[in-house]
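Enquirer: Got a structure for you, run.cif, holding mmCIF, C-alpha atoms and all ligand atoms.
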```cif
data_upload
loop_
_atom_site.group_PDB
_atom_site.id
_atom_site.type_symbol
_atom_site.label_atom_id
_atom_site.label_comp_id
_atom_site.auth_asym_id
_atom_site.auth_seq_id
_atom_site.Cartn_x
_atom_site.Cartn_y
_atom_site.Cartn_z
ATOM 1 C CA MET A 13 -10.239 43.551 -11.926
ATOM 2 C CA ILE A 14 -10.662 43.564 -8.120
ATOM 3 C CA ARG A 15 -13.602 41.176 -8.497
ATOM 4 C CA SER A 16 -11.456 38.743 -10.553
ATOM 5 C CA ILE A 17 -8.686 38.862 -7.943
ATOM 6 C CA LEU A 18 -11.235 38.137 -5.211
ATOM 7 C CA ILE A 19 -12.706 35.194 -7.132
ATOM 8 C CA PHE A 20 -9.232 33.814 -7.828
ATOM 9 C CA GLY A 21 -8.334 34.183 -4.143
ATOM 10 C CA LEU A 22 -11.524 32.390 -3.144
ATOM 11 C CA MET A 23 -10.743 29.561 -5.567
ATOM 12 C CA LEU A 24 -7.279 29.184 -4.047
ATOM 13 C CA ILE A 25 -8.711 29.068 -0.524
ATOM 14 C CA CYS A 26 -11.312 26.454 -1.573
ATOM 15 C CA ALA A 27 -8.633 24.353 -3.294
ATOM 16 C CA GLY A 28 -6.472 24.500 -0.176
ATOM 17 C CA ALA A 29 -9.378 23.619 2.076
ATOM 18 C CA SER A 30 -10.395 20.631 -0.006
ATOM 19 C CA ALA A 31 -6.929 19.083 -0.488
ATOM 20 C CA GLN A 32 -6.877 15.675 1.112
ATOM 21 C CA THR A 33 -3.884 13.723 2.295
ATOM 22 C CA VAL A 34 -2.835 10.156 1.571
ATOM 23 C CA LEU A 35 0.166 8.322 3.030
ATOM 24 C CA VAL A 36 1.506 5.364 1.030
ATOM 25 C CA THR A 37 4.110 2.853 2.226
ATOM 26 C CA GLY A 38 6.464 1.155 -0.245
ATOM 27 C CA SER A 39 5.848 3.965 -2.726
ATOM 28 C CA ASN A 40 9.057 3.785 -4.773
ATOM 29 C CA ARG A 41 7.921 1.208 -7.327
ATOM 30 C CA GLY A 42 5.140 -1.099 -8.490
ATOM 31 C CA ILE A 43 1.631 -0.435 -7.220
ATOM 32 C CA GLY A 44 2.856 2.049 -4.581
ATOM 33 C CA LEU A 45 4.510 4.336 -7.142
ATOM 34 C CA GLU A 46 1.336 4.312 -9.249
ATOM 35 C CA LEU A 47 -0.788 5.162 -6.211
ATOM 36 C CA VAL A 48 1.446 8.176 -5.571
ATOM 37 C CA THR A 49 1.318 9.219 -9.255
ATOM 38 C CA GLN A 50 -2.459 9.015 -9.491
ATOM 39 C CA TYR A 51 -3.342 10.559 -6.129
ATOM 40 C CA ALA A 52 -0.954 13.444 -6.867
ATOM 41 C CA ALA A 53 -2.512 13.944 -10.311
ATOM 42 C CA ASP A 54 -5.921 14.056 -8.617
ATOM 43 C CA GLY A 55 -4.694 16.962 -6.457
ATOM 44 C CA TRP A 56 -4.134 15.089 -3.203
ATOM 45 C CA ASP A 57 -1.269 15.884 -0.873
ATOM 46 C CA VAL A 58 0.798 12.709 -0.937
ATOM 47 C CA ILE A 59 3.198 11.515 1.747
ATOM 48 C CA ALA A 60 5.211 8.975 -0.239
ATOM 49 C CA THR A 61 7.252 6.735 2.025
ATOM 50 C CA SER A 62 10.028 4.390 1.028
ATOM 51 C CA ARG A 63 12.825 2.669 2.878
ATOM 52 C CA SER A 64 15.637 4.209 0.805
ATOM 53 C CA PRO A 65 14.492 7.411 -0.966
ATOM 54 C CA ALA A 66 18.028 8.330 -2.071
ATOM 55 C CA ASP A 67 17.953 5.343 -4.484
ATOM 56 C CA ASP A 68 14.436 6.010 -5.774
ATOM 57 C CA ASP A 69 15.067 7.860 -9.036
ATOM 58 C CA GLU A 70 11.528 7.546 -10.404
ATOM 59 C CA LEU A 71 9.900 8.697 -7.176
ATOM 60 C CA GLN A 72 12.356 11.594 -6.857
ATOM 61 C CA ALA A 73 11.658 12.680 -10.435
ATOM 62 C CA LEU A 74 7.922 12.498 -9.806
ATOM 63 C CA ALA A 75 8.206 14.611 -6.654
ATOM 64 C CA LYS A 76 10.243 17.218 -8.555
ATOM 65 C CA MET A 77 7.346 17.603 -10.991
ATOM 66 C CA ASN A 78 4.660 17.612 -8.288
ATOM 67 C CA ALA A 79 4.936 19.961 -5.324
ATOM 68 C CA ASN A 80 2.137 18.026 -3.573
ATOM 69 C CA ILE A 81 4.367 14.941 -3.119
ATOM 70 C CA THR A 82 6.536 14.764 -0.001
ATOM 71 C CA ILE A 83 8.980 11.876 0.236
ATOM 72 C CA GLU A 84 9.732 10.375 3.638
ATOM 73 C CA THR A 85 11.972 7.515 4.740
ATOM 74 C CA LEU A 86 10.094 4.590 6.242
ATOM 75 C CA ASP A 87 11.048 0.962 6.635
ATOM 76 C CA VAL A 88 7.835 -0.576 7.954
ATOM 77 C CA THR A 89 9.798 -3.013 10.126
ATOM 78 C CA ASP A 90 11.633 -0.200 11.908
ATOM 79 C CA THR A 91 9.525 0.816 14.911
ATOM 80 C CA ILE A 92 11.832 3.736 15.744
ATOM 81 C CA GLN A 93 11.419 5.197 12.250
ATOM 82 C CA ILE A 94 7.657 4.672 12.408
ATOM 83 C CA ALA A 95 7.424 6.502 15.738
ATOM 84 C CA ALA A 96 9.653 9.358 14.521
ATOM 85 C CA LEU A 97 7.599 9.888 11.370
ATOM 86 C CA ALA A 98 4.329 9.780 13.334
ATOM 87 C CA GLU A 99 5.765 12.391 15.689
ATOM 88 C CA LYS A 100 6.766 14.586 12.726
ATOM 89 C CA TYR A 101 3.181 14.486 11.412
ATOM 90 C CA ARG A 102 1.462 14.723 14.808
ATOM 91 C CA GLY A 103 -1.786 16.686 14.487
ATOM 92 C CA ARG A 104 -1.869 16.521 10.660
ATOM 93 C CA PRO A 105 -5.034 14.847 9.299
ATOM 94 C CA ILE A 106 -4.370 11.884 6.985
ATOM 95 C CA ASP A 107 -7.508 10.953 5.050
ATOM 96 C CA VAL A 108 -6.246 7.686 3.611
ATOM 97 C CA LEU A 109 -3.380 5.526 4.891
ATOM 98 C CA ILE A 110 -2.383 2.829 2.396
ATOM 99 C CA ASN A 111 -0.237 0.020 3.763
ATOM 100 C CA ASN A 112 1.148 -1.129 0.433
ATOM 101 C CA ALA A 113 4.704 -2.272 1.270
ATOM 102 C CA GLY A 114 5.011 -6.020 1.035
ATOM 103 C CA LEU A 115 7.345 -8.900 0.321
ATOM 104 C CA LEU A 116 6.768 -12.076 -1.666
ATOM 105 C CA GLY A 117 9.840 -13.885 -0.388
ATOM 106 C CA GLY A 118 11.916 -16.281 -2.467
ATOM 107 C CA ARG A 119 10.490 -19.591 -3.623
ATOM 108 C CA GLU A 120 13.476 -21.409 -2.119
ATOM 109 C CA GLY A 121 12.562 -20.777 1.500
ATOM 110 C CA GLN A 122 8.934 -21.691 0.834
ATOM 111 C CA ASP A 123 9.489 -25.151 -0.723
ATOM 112 C CA TRP A 124 7.848 -27.955 1.181
ATOM 113 C CA GLY A 125 10.716 -29.766 2.924
ATOM 114 C CA ASN A 126 12.791 -26.587 3.044
ATOM 115 C CA LEU A 127 10.664 -24.024 4.916
ATOM 116 C CA SER A 128 12.856 -21.191 6.143
ATOM 117 C CA ALA A 129 12.375 -19.834 9.666
ATOM 118 C CA ASP A 130 14.249 -16.650 8.693
ATOM 119 C CA LEU A 131 11.990 -16.028 5.704
ATOM 120 C CA PHE A 132 8.939 -16.642 7.893
ATOM 121 C CA GLN A 133 10.133 -14.010 10.379
ATOM 122 C CA GLN A 134 10.899 -11.547 7.580
ATOM 123 C CA LEU A 135 7.522 -11.913 5.835
ATOM 124 C CA MET A 136 5.609 -11.666 9.095
ATOM 125 C CA ALA A 137 7.575 -8.529 10.024
ATOM 126 C CA VAL A 138 7.019 -6.742 6.679
ATOM 127 C CA ASN A 139 3.587 -8.038 5.647
ATOM 128 C CA VAL A 140 1.853 -8.280 9.021
ATOM 129 C CA PHE A 141 3.447 -6.365 11.874
ATOM 130 C CA GLY A 142 4.466 -3.482 9.577
ATOM 131 C CA PRO A 143 0.900 -2.538 8.510
ATOM 132 C CA MET A 144 -0.385 -3.105 12.036
ATOM 133 C CA LYS A 145 2.260 -0.885 13.640
ATOM 134 C CA VAL A 146 2.049 1.844 10.967
ATOM 135 C CA SER A 147 -1.758 1.867 11.390
ATOM 136 C CA GLU A 148 -1.385 2.175 15.143
ATOM 137 C CA ALA A 149 1.146 5.005 14.809
ATOM 138 C CA PHE A 150 -0.944 7.066 12.348
ATOM 139 C CA SER A 151 -4.414 6.191 13.658
ATOM 140 C CA ALA A 152 -4.779 9.564 15.390
ATOM 141 C CA ASN A 153 -3.968 11.348 12.094
ATOM 142 C CA VAL A 154 -6.571 9.253 10.268
ATOM 143 C CA ALA A 155 -9.176 9.848 12.981
ATOM 144 C CA LEU A 156 -8.619 13.613 12.615
ATOM 145 C CA SER A 157 -9.326 13.546 8.870
ATOM 146 C CA LYS A 158 -12.496 13.783 6.794
ATOM 147 C CA GLN A 159 -12.303 10.371 5.088
ATOM 148 C CA LYS A 160 -10.824 8.306 7.939
ATOM 149 C CA LYS A 161 -9.700 5.276 5.903
ATOM 150 C CA ILE A 162 -6.971 2.698 6.433
ATOM 151 C CA ILE A 163 -6.196 0.225 3.648
ATOM 152 C CA VAL A 164 -3.850 -2.736 3.465
ATOM 153 C CA ILE A 165 -2.918 -4.318 0.163
ATOM 154 C CA SER A 166 -3.678 -7.927 0.930
ATOM 155 C CA SER A 167 -4.086 -10.841 -1.486
ATOM 156 C CA THR A 168 -6.538 -13.614 -2.294
ATOM 157 C CA ILE A 169 -3.651 -15.979 -1.519
ATOM 158 C CA GLY A 170 -4.546 -15.090 2.102
ATOM 159 C CA SER A 171 -8.097 -16.424 1.713
ATOM 160 C CA ILE A 172 -8.313 -19.550 3.863
ATOM 161 C CA SER A 173 -11.488 -20.840 2.202
ATOM 162 C CA ARG A 174 -10.036 -20.482 -1.313
ATOM 163 C CA MET A 175 -6.901 -22.480 -0.477
ATOM 164 C CA GLN A 176 -7.800 -25.907 -1.934
ATOM 165 C CA ASN A 177 -4.466 -26.896 -3.525
ATOM 166 C CA PRO A 178 -0.772 -26.715 -2.601
ATOM 167 C CA THR A 179 0.779 -23.278 -3.152
ATOM 168 C CA PRO A 180 4.445 -22.497 -3.934
ATOM 169 C CA PHE A 181 4.124 -19.600 -1.473
ATOM 170 C CA PRO A 182 2.829 -21.040 1.818
ATOM 171 C CA ILE A 183 4.630 -18.463 3.972
ATOM 172 C CA LEU A 184 3.369 -15.555 1.876
ATOM 173 C CA ALA A 185 -0.165 -17.019 2.042
ATOM 174 C CA THR A 186 0.113 -17.345 5.814
ATOM 175 C CA SER A 187 1.291 -13.747 6.128
ATOM 176 C CA LYS A 188 -1.582 -12.402 4.009
ATOM 177 C CA ALA A 189 -4.159 -14.387 6.023
ATOM 178 C CA ALA A 190 -2.498 -13.032 9.158
ATOM 179 C CA VAL A 191 -2.559 -9.419 7.958
ATOM 180 C CA ASN A 192 -6.287 -9.741 7.324
ATOM 181 C CA MET A 193 -6.784 -10.641 10.989
ATOM 182 C CA ALA A 194 -4.282 -7.998 12.095
ATOM 183 C CA MET A 195 -6.211 -5.317 10.207
ATOM 184 C CA ARG A 196 -9.520 -6.672 11.427
ATOM 185 C CA THR A 197 -8.260 -6.083 14.961
ATOM 186 C CA VAL A 198 -7.212 -2.556 13.916
ATOM 187 C CA ALA A 199 -10.726 -2.061 12.493
ATOM 188 C CA MET A 200 -12.383 -3.085 15.745
ATOM 189 C CA GLN A 201 -9.971 -0.952 17.754
ATOM 190 C CA LEU A 202 -10.785 2.175 15.702
ATOM 191 C CA LYS A 203 -14.465 1.546 14.989
ATOM 192 C CA ASP A 204 -15.705 3.961 17.648
ATOM 193 C CA GLN A 205 -13.582 6.731 16.103
ATOM 194 C CA GLY A 206 -15.378 6.320 12.768
ATOM 195 C CA VAL A 207 -12.323 4.890 10.981
ATOM 196 C CA THR A 208 -12.954 2.469 8.089
ATOM 197 C CA VAL A 209 -10.424 -0.312 7.523
ATOM 198 C CA ALA A 210 -10.328 -2.470 4.382
ATOM 199 C CA MET A 211 -8.070 -5.218 3.083
ATOM 200 C CA LEU A 212 -7.850 -4.955 -0.724
ATOM 201 C CA MET A 213 -6.796 -7.480 -3.371
ATOM 202 C CA PRO A 214 -4.924 -5.496 -6.080
ATOM 203 C CA GLY A 215 -5.324 -8.129 -8.829
ATOM 204 C CA VAL A 216 -2.508 -10.073 -10.453
ATOM 205 C CA VAL A 217 -0.320 -7.122 -11.275
ATOM 206 C CA ARG A 218 2.714 -6.721 -13.559
ATOM 207 C CA THR A 219 5.271 -5.670 -10.976
ATOM 208 C CA ARG A 220 8.643 -6.942 -9.889
ATOM 209 C CA MET A 221 6.768 -9.093 -7.388
ATOM 210 C CA SER A 222 4.901 -10.987 -10.079
ATOM 211 C CA TYR A 223 8.200 -11.780 -11.816
ATOM 212 C CA GLN A 224 9.479 -13.229 -8.589
ATOM 213 C CA ALA A 225 6.312 -15.305 -8.353
ATOM 214 C CA GLY A 226 7.192 -16.559 -11.831
ATOM 215 C CA GLY A 227 10.497 -17.813 -10.482
ATOM 216 C CA MET A 228 12.927 -15.039 -11.437
ATOM 217 C CA SER A 229 15.438 -13.584 -9.058
ATOM 218 C CA LEU A 230 15.133 -9.934 -8.063
ATOM 219 C CA GLU A 231 18.094 -9.124 -10.332
ATOM 220 C CA GLU A 232 16.584 -10.945 -13.322
ATOM 221 C CA ALA A 233 13.207 -9.297 -12.699
ATOM 222 C CA SER A 234 14.779 -5.826 -12.574
ATOM 223 C CA GLU A 235 16.317 -6.361 -16.009
ATOM 224 C CA GLN A 236 13.105 -7.290 -17.809
ATOM 225 C CA THR A 237 11.924 -5.276 -20.773
ATOM 226 C CA ASP A 238 8.402 -3.937 -21.072
ATOM 227 C CA PHE A 239 7.589 -6.703 -23.545
ATOM 228 C CA GLU A 240 8.393 -9.339 -20.991
ATOM 229 C CA PHE A 241 6.451 -7.409 -18.382
ATOM 230 C CA GLU A 242 3.345 -7.951 -20.509
ATOM 231 C CA ARG A 243 3.493 -11.668 -19.859
ATOM 232 C CA ALA A 244 4.066 -11.527 -16.146
ATOM 233 C CA GLY A 245 0.610 -10.622 -14.892
ATOM 234 C CA THR A 246 -2.885 -9.737 -15.872
ATOM 235 C CA ILE A 247 -3.136 -5.979 -15.189
ATOM 236 C CA SER A 248 -0.657 -3.105 -15.083
ATOM 237 C CA ALA A 249 0.339 -1.400 -11.846
ATOM 238 C CA GLY A 250 -1.450 1.723 -13.144
ATOM 239 C CA GLU A 251 -4.699 -0.155 -13.668
ATOM 240 C CA SER A 252 -4.401 -1.796 -10.258
ATOM 241 C CA ALA A 253 -3.775 1.560 -8.544
ATOM 242 C CA ALA A 254 -6.764 3.106 -10.339
ATOM 243 C CA ARG A 255 -8.980 0.290 -9.074
ATOM 244 C CA ILE A 256 -7.607 0.558 -5.528
ATOM 245 C CA ILE A 257 -8.284 4.317 -5.534
ATOM 246 C CA LYS A 258 -11.825 3.771 -6.836
ATOM 247 C CA VAL A 259 -12.673 1.078 -4.276
ATOM 248 C CA THR A 260 -11.150 3.191 -1.484
ATOM 249 C CA ALA A 261 -13.224 6.204 -2.552
ATOM 250 C CA SER A 262 -16.358 4.055 -2.546
ATOM 251 C CA LEU A 263 -16.002 3.029 1.119
ATOM 252 C CA ASP A 264 -18.846 4.851 2.823
ATOM 253 C CA GLY A 265 -18.137 4.026 6.462
ATOM 254 C CA SER A 266 -21.098 1.668 6.828
ATOM 255 C CA GLU A 267 -18.768 -1.310 7.391
ATOM 256 C CA THR A 268 -15.202 -1.804 8.556
ATOM 257 C CA GLY A 269 -12.698 -4.661 8.590
ATOM 258 C CA ILE A 270 -13.777 -5.934 5.168
ATOM 259 C CA PHE A 271 -11.831 -7.992 2.589
ATOM 260 C CA LEU A 272 -12.470 -6.715 -0.948
ATOM 261 C CA ASN A 273 -11.432 -7.447 -4.504
ATOM 262 C CA ASN A 274 -10.210 -4.657 -6.799
ATOM 263 C CA ASP A 275 -13.744 -4.216 -8.169
ATOM 264 C CA GLY A 276 -15.211 -3.727 -4.700
ATOM 265 C CA SER A 277 -16.741 -7.215 -4.476
ATOM 266 C CA ARG A 278 -16.208 -9.323 -1.347
ATOM 267 C CA VAL A 279 -13.413 -11.890 -1.090
ATOM 268 C CA ASP A 280 -14.201 -14.949 1.051
ATOM 269 C CA TRP A 281 -12.067 -15.056 4.171
HETATM 270 N N1 LIG A 301 1.837 -7.841 -7.803
HETATM 271 C C1 LIG A 301 0.813 -8.605 -7.495
HETATM 272 O O1 LIG A 301 0.302 -9.349 -8.346
HETATM 273 C C2 LIG A 301 0.230 -8.589 -6.098
HETATM 274 C C3 LIG A 301 -0.826 -9.473 -5.817
HETATM 275 C C4 LIG A 301 -1.373 -9.467 -4.544
HETATM 276 C C5 LIG A 301 -0.903 -8.578 -3.593
HETATM 277 N N2 LIG A 301 0.140 -7.726 -3.884
HETATM 278 C C6 LIG A 301 0.592 -6.825 -2.839
HETATM 279 O O2 LIG A 301 0.710 -5.503 -3.360
HETATM 280 C C7 LIG A 301 1.673 -4.775 -2.586
HETATM 281 C C8 LIG A 301 2.643 -4.045 -3.530
HETATM 282 O O3 LIG A 301 3.339 -5.026 -4.275
HETATM 283 P P1 LIG A 301 3.921 -4.801 -5.762
HETATM 284 O O4 LIG A 301 3.293 -5.818 -6.631
HETATM 285 O O5 LIG A 301 3.855 -3.366 -6.130
HETATM 286 O O6 LIG A 301 5.414 -5.286 -5.511
HETATM 287 P P2 LIG A 301 6.868 -4.625 -5.663
HETATM 288 O O7 LIG A 301 7.013 -3.939 -6.948
HETATM 289 O O8 LIG A 301 7.762 -5.743 -5.311
HETATM 290 O O9 LIG A 301 6.873 -3.492 -4.509
HETATM 291 C C9 LIG A 301 6.968 -3.811 -3.165
HETATM 292 C C10 LIG A 301 7.208 -2.519 -2.409
HETATM 293 O O10 LIG A 301 7.297 -2.829 -1.000
HETATM 294 C C11 LIG A 301 8.457 -2.172 -0.504
HETATM 295 N N3 LIG A 301 8.983 -2.801 0.704
HETATM 296 C C12 LIG A 301 9.428 -4.052 0.895
HETATM 297 N N4 LIG A 301 9.859 -4.223 2.156
HETATM 298 C C13 LIG A 301 9.692 -3.019 2.782
HETATM 299 C C14 LIG A 301 9.950 -2.529 4.079
HETATM 300 N N5 LIG A 301 10.486 -3.311 5.033
HETATM 301 N N6 LIG A 301 9.628 -1.244 4.371
HETATM 302 C C15 LIG A 301 9.089 -0.430 3.434
HETATM 303 N N7 LIG A 301 8.853 -0.830 2.171
HETATM 304 C C16 LIG A 301 9.143 -2.106 1.850
HETATM 305 C C17 LIG A 301 9.444 -2.222 -1.662
HETATM 306 O O11 LIG A 301 10.496 -1.306 -1.421
HETATM 307 P P3 LIG A 301 12.030 -1.596 -1.890
HETATM 308 O O12 LIG A 301 12.134 -1.138 -3.315
HETATM 309 O O13 LIG A 301 12.829 -0.784 -0.938
HETATM 310 O O14 LIG A 301 12.260 -3.059 -1.760
HETATM 311 C C18 LIG A 301 8.521 -1.841 -2.802
HETATM 312 O O15 LIG A 301 8.327 -0.440 -2.807
HETATM 313 C C19 LIG A 301 2.360 -5.807 -1.680
HETATM 314 O O16 LIG A 301 1.824 -5.733 -0.373
HETATM 315 C C20 LIG A 301 1.976 -7.127 -2.318
HETATM 316 O O17 LIG A 301 1.953 -8.214 -1.396
HETATM 317 C C21 LIG A 301 0.704 -7.703 -5.130
#
```
Mind turning the file's structure into structure tokens?
Ligand SMILES: NC(=O)c1ccc[n+]([C@@H]2O[C@H](COP(=O)([O-])OP(=O)(O)OC[C@H]3O[C@@H](n4cnc5c(N)ncnc54)[C@H](OP(=O)(O)O)[C@@H]3O)[C@@H](O)[C@H]2O)c1

Expert:
Amino acid sequence: MIRSILIFGLMLICAGASAQTVLVTGSNRGIGLELVTQYAADGWDVIATSRSPADDDELQALAKMNANITIETLDVTDTIQIAALAEKYRGRPIDVLINNAGLLGGREGQDWGNLSADLFQQLMAVNVFGPMKVSEAFSANVALSKQKKIIVISSTIGSISRMQNPTPFPILATSKAAVNMAMRTVAMQLKDQGVTVAMLMPGVVRTRMSYQAGGMSLEEASEQTDFEFERAGTISAGESAARIIKVTASLDGSETGIFLNNDGSRVDW
């Protein structure tokens, strides 16, 4: 009896010691919500951030079922919120930081002849400065951890060499090319601390974003049935998250500042 209690106690201690932590931005839906679901199921401690948790029914329900999920408020464009959250977690190792939050932007403001300065500012703030600033704020937490990995969910639309034809999303494309450079600078900044930074292409994924790419408004996209979801992209958010987790796990620290597809292969800059 005493021996069994001791073994059980030892198992609990080992489980506690081996729990790793991931922080995900934009975790209330799409790829972010799936990342939270799968990391939590794998036993990770998950810091799931979202800009308006009170509205996030699915994320709240998930956290109720999983004690290892902690929900935090974070708008990645709000530098005061970023600093406050980093202060709250000061000294806590974060093995993997996933900068997932992103915006596609409407097609209207990206039409040639009608480029919107406001949309440009908004996409650069969310897609570029957000990941850069969040990475800066939590870099000490990542450096303290075992895995030491920072990921940004980029896109092949940000590949300069692949851009051979007009795109309906020139501002989005510009922001994704820019975030690759932003994260490359983060990689060089943190190289000496053993931190690995990677920009990952999630695939063409059936999320609200891919509906918007197809020309629907946010409202129309939100009302789609699962059947219509099937036509909107090539892989599910669950499949994309699984691939992102696998590629992230495979990063061995030998290189940093790399641009990878969801199968781990290189994407041309
Ligand atoms: N879907 C694809 O095919 C595809 C392809 C290439 C790259 N990506 C990238 O994958 C990432 C996830 O996209 P998704 O497909 O899952 O799209 P999604 O369903 O539209 O999710 C986007 C997420 O970003 C959050 N977000 C937007 N602005 C934010 C801000 N200022 N602060 C914090 N969170 C914010 C959204 O939160 P709210 O609910 O509060 O708006 C939402 O959680 C994005 O970076 C996207 O560019 C997607």

Enquirer: Using only C-alpha atoms for the distances, tell me which of A:Ser147, A:Thr219, A:Asn78, A:Gln50 is nearest to Arg255 in chain A.

Expert: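 Residue with the minimum atom-to-atom distance to Arg255 in chain A: A:Gln50.
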
Enquirer: In Å, how far is it from CA of Asn80 in chain A to CA of Gly265 in chain A?

Expert: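 Separation of CA of Asn80 in chain A and CA of Gly265 in chain A: 26.6 Å.
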
Enquirer: Could the residues of range 83-174 of chain A that have an atom at most 7 Å from range 186-200 of chain A be listed as a Markdown table, each with its closest atom pair and the distance in Å to one decimal, counting all atoms listed in the file and ordered by chain and ascending residue number?

Expert:
```
| residue | atom | partner | partner_atom | distance |
| --- | --- | --- | --- | --- |
| A:Leu135 | CA | A:Ser187 | CA | 6.5 |
| A:Met136 | CA | A:Ser187 | CA | 5.6 |
| A:Asn139 | CA | A:Ser187 | CA | 6.2 |
| A:Val140 | CA | A:Val191 | CA | 4.7 |
| A:Met144 | CA | A:Ala194 | CA | 6.3 |
| A:Ser166 | CA | A:Lys188 | CA | 5.8 |
| A:Ser167 | CA | A:Lys188 | CA | 6.2 |
| A:Ile169 | CA | A:Lys188 | CA | 6.9 |
| A:Gly170 | CA | A:Ala189 | CA | 4.0 |
| A:Ser171 | CA | A:Ala189 | CA | 6.2 |
| A:Ile172 | CA | A:Ala189 | CA | 7.0 |
```

Enquirer: I would like the residues chosen by the PyMOL selection byres (((not hetatm)) within 8 of (chain A and resi 301)) on the shown file; could you give them as a VMD selection string?

Expert: chain A and resid 37 to 45 61 to 64 68 86 to 90 111 to 116 137 to 139 142 164 to 169 188 213 to 222 245 249

Enquirer: Calculated over all atoms listed in the file, which of the candidates A:Thr49, A:Gly121, A:Trp56, A:Asn153 has the smallest distance to Lys100 in chain A?

Expert: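 So, comparing all the options, the nearest one is A:Asn153.
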
Enquirer: Calculated over all atoms listed in the file, which of the candidates A:Asp67, A:Arg119, A:Met211, A:Thr246 has the smallest distance to Ile270 in chain A?

Expert: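 Looking only at the distances to Ile270 in chain A, the closest residue turns out to be A:Met211.
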
Enquirer: Between A:Gly226, A:Pro143, A:Leu212, A:Arg102, single out the one closest to Trp281 in chain A, counting all atoms listed in the file.

Expert: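 Checking each candidate against Trp281 in chain A, we get A:Leu212 as the closest.
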
Enquirer: If you measure from CA of Asn274 in chain A to CA of Gly117 in chain A, what distance in Å do you get, rounded to one decimal?

Expert: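 Atom-to-atom, CA of Asn274 in chain A and CA of Gly117 in chain A are spaced 23.0 Å apart.
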
Enquirer: Report, in Å with one decimal, the straight-line distance from CA of Ile94 in chain A to CA of Ala66 in chain A.

Expert: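 If I compute the distance from CA of Ile94 in chain A to CA of Ala66 in chain A, I get 18.2 Å.
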
Enquirer: Can you list, as a list in words, every protein, DNA or RNA residue that comes within 10 Å of Gly103 in chain A when you count only C-alpha atoms, leaving out same-chain residues fewer than 3 positions away?

Expert: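 Contacts, in chain order: Ala98, Glu99, Lys100, Ile106, Phe150, Ala152, Asn153, Val154, Leu156 and Ser157 of chain A.
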
Enquirer: Given all atoms listed in the file as the basis, pick out the residue of A:Val34, A:Pro65, A:Ala95, A:Leu184 nearest to Gln134 in chain A.

Expert: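 Nearest candidate to Gln134 in chain A out of A:Val34, A:Pro65, A:Ala95, A:Leu184: A:Leu184.
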
Enquirer: Have a look at A:Glu232, A:Tyr223, A:Lys160, A:Arg174 and name the one nearest to Gln205 in chain A; count only C-alpha atoms.

Expert: A:Lys160

Enquirer: Please work out which residues fall within 10 Å of (9.6, -19.7, 2.2), coordinates as given in the file, with only C-alpha atoms counting, and return them as a ChimeraX atom specification.

Expert: /A:116-124,126-135,180-184

Enquirer: Could you write out as lines of an AutoDock Vina configuration file the box around range 168-172 of chain A (axis-aligned, all atoms listed in the file, 3 Å on each side), with centre and edge lengths in Å to one decimal?

Expert:
```
center_x = -6.0
center_y = -16.6
center_z = 0.8
size_x = 10.7
size_y = 11.9
size_z = 12.2
```
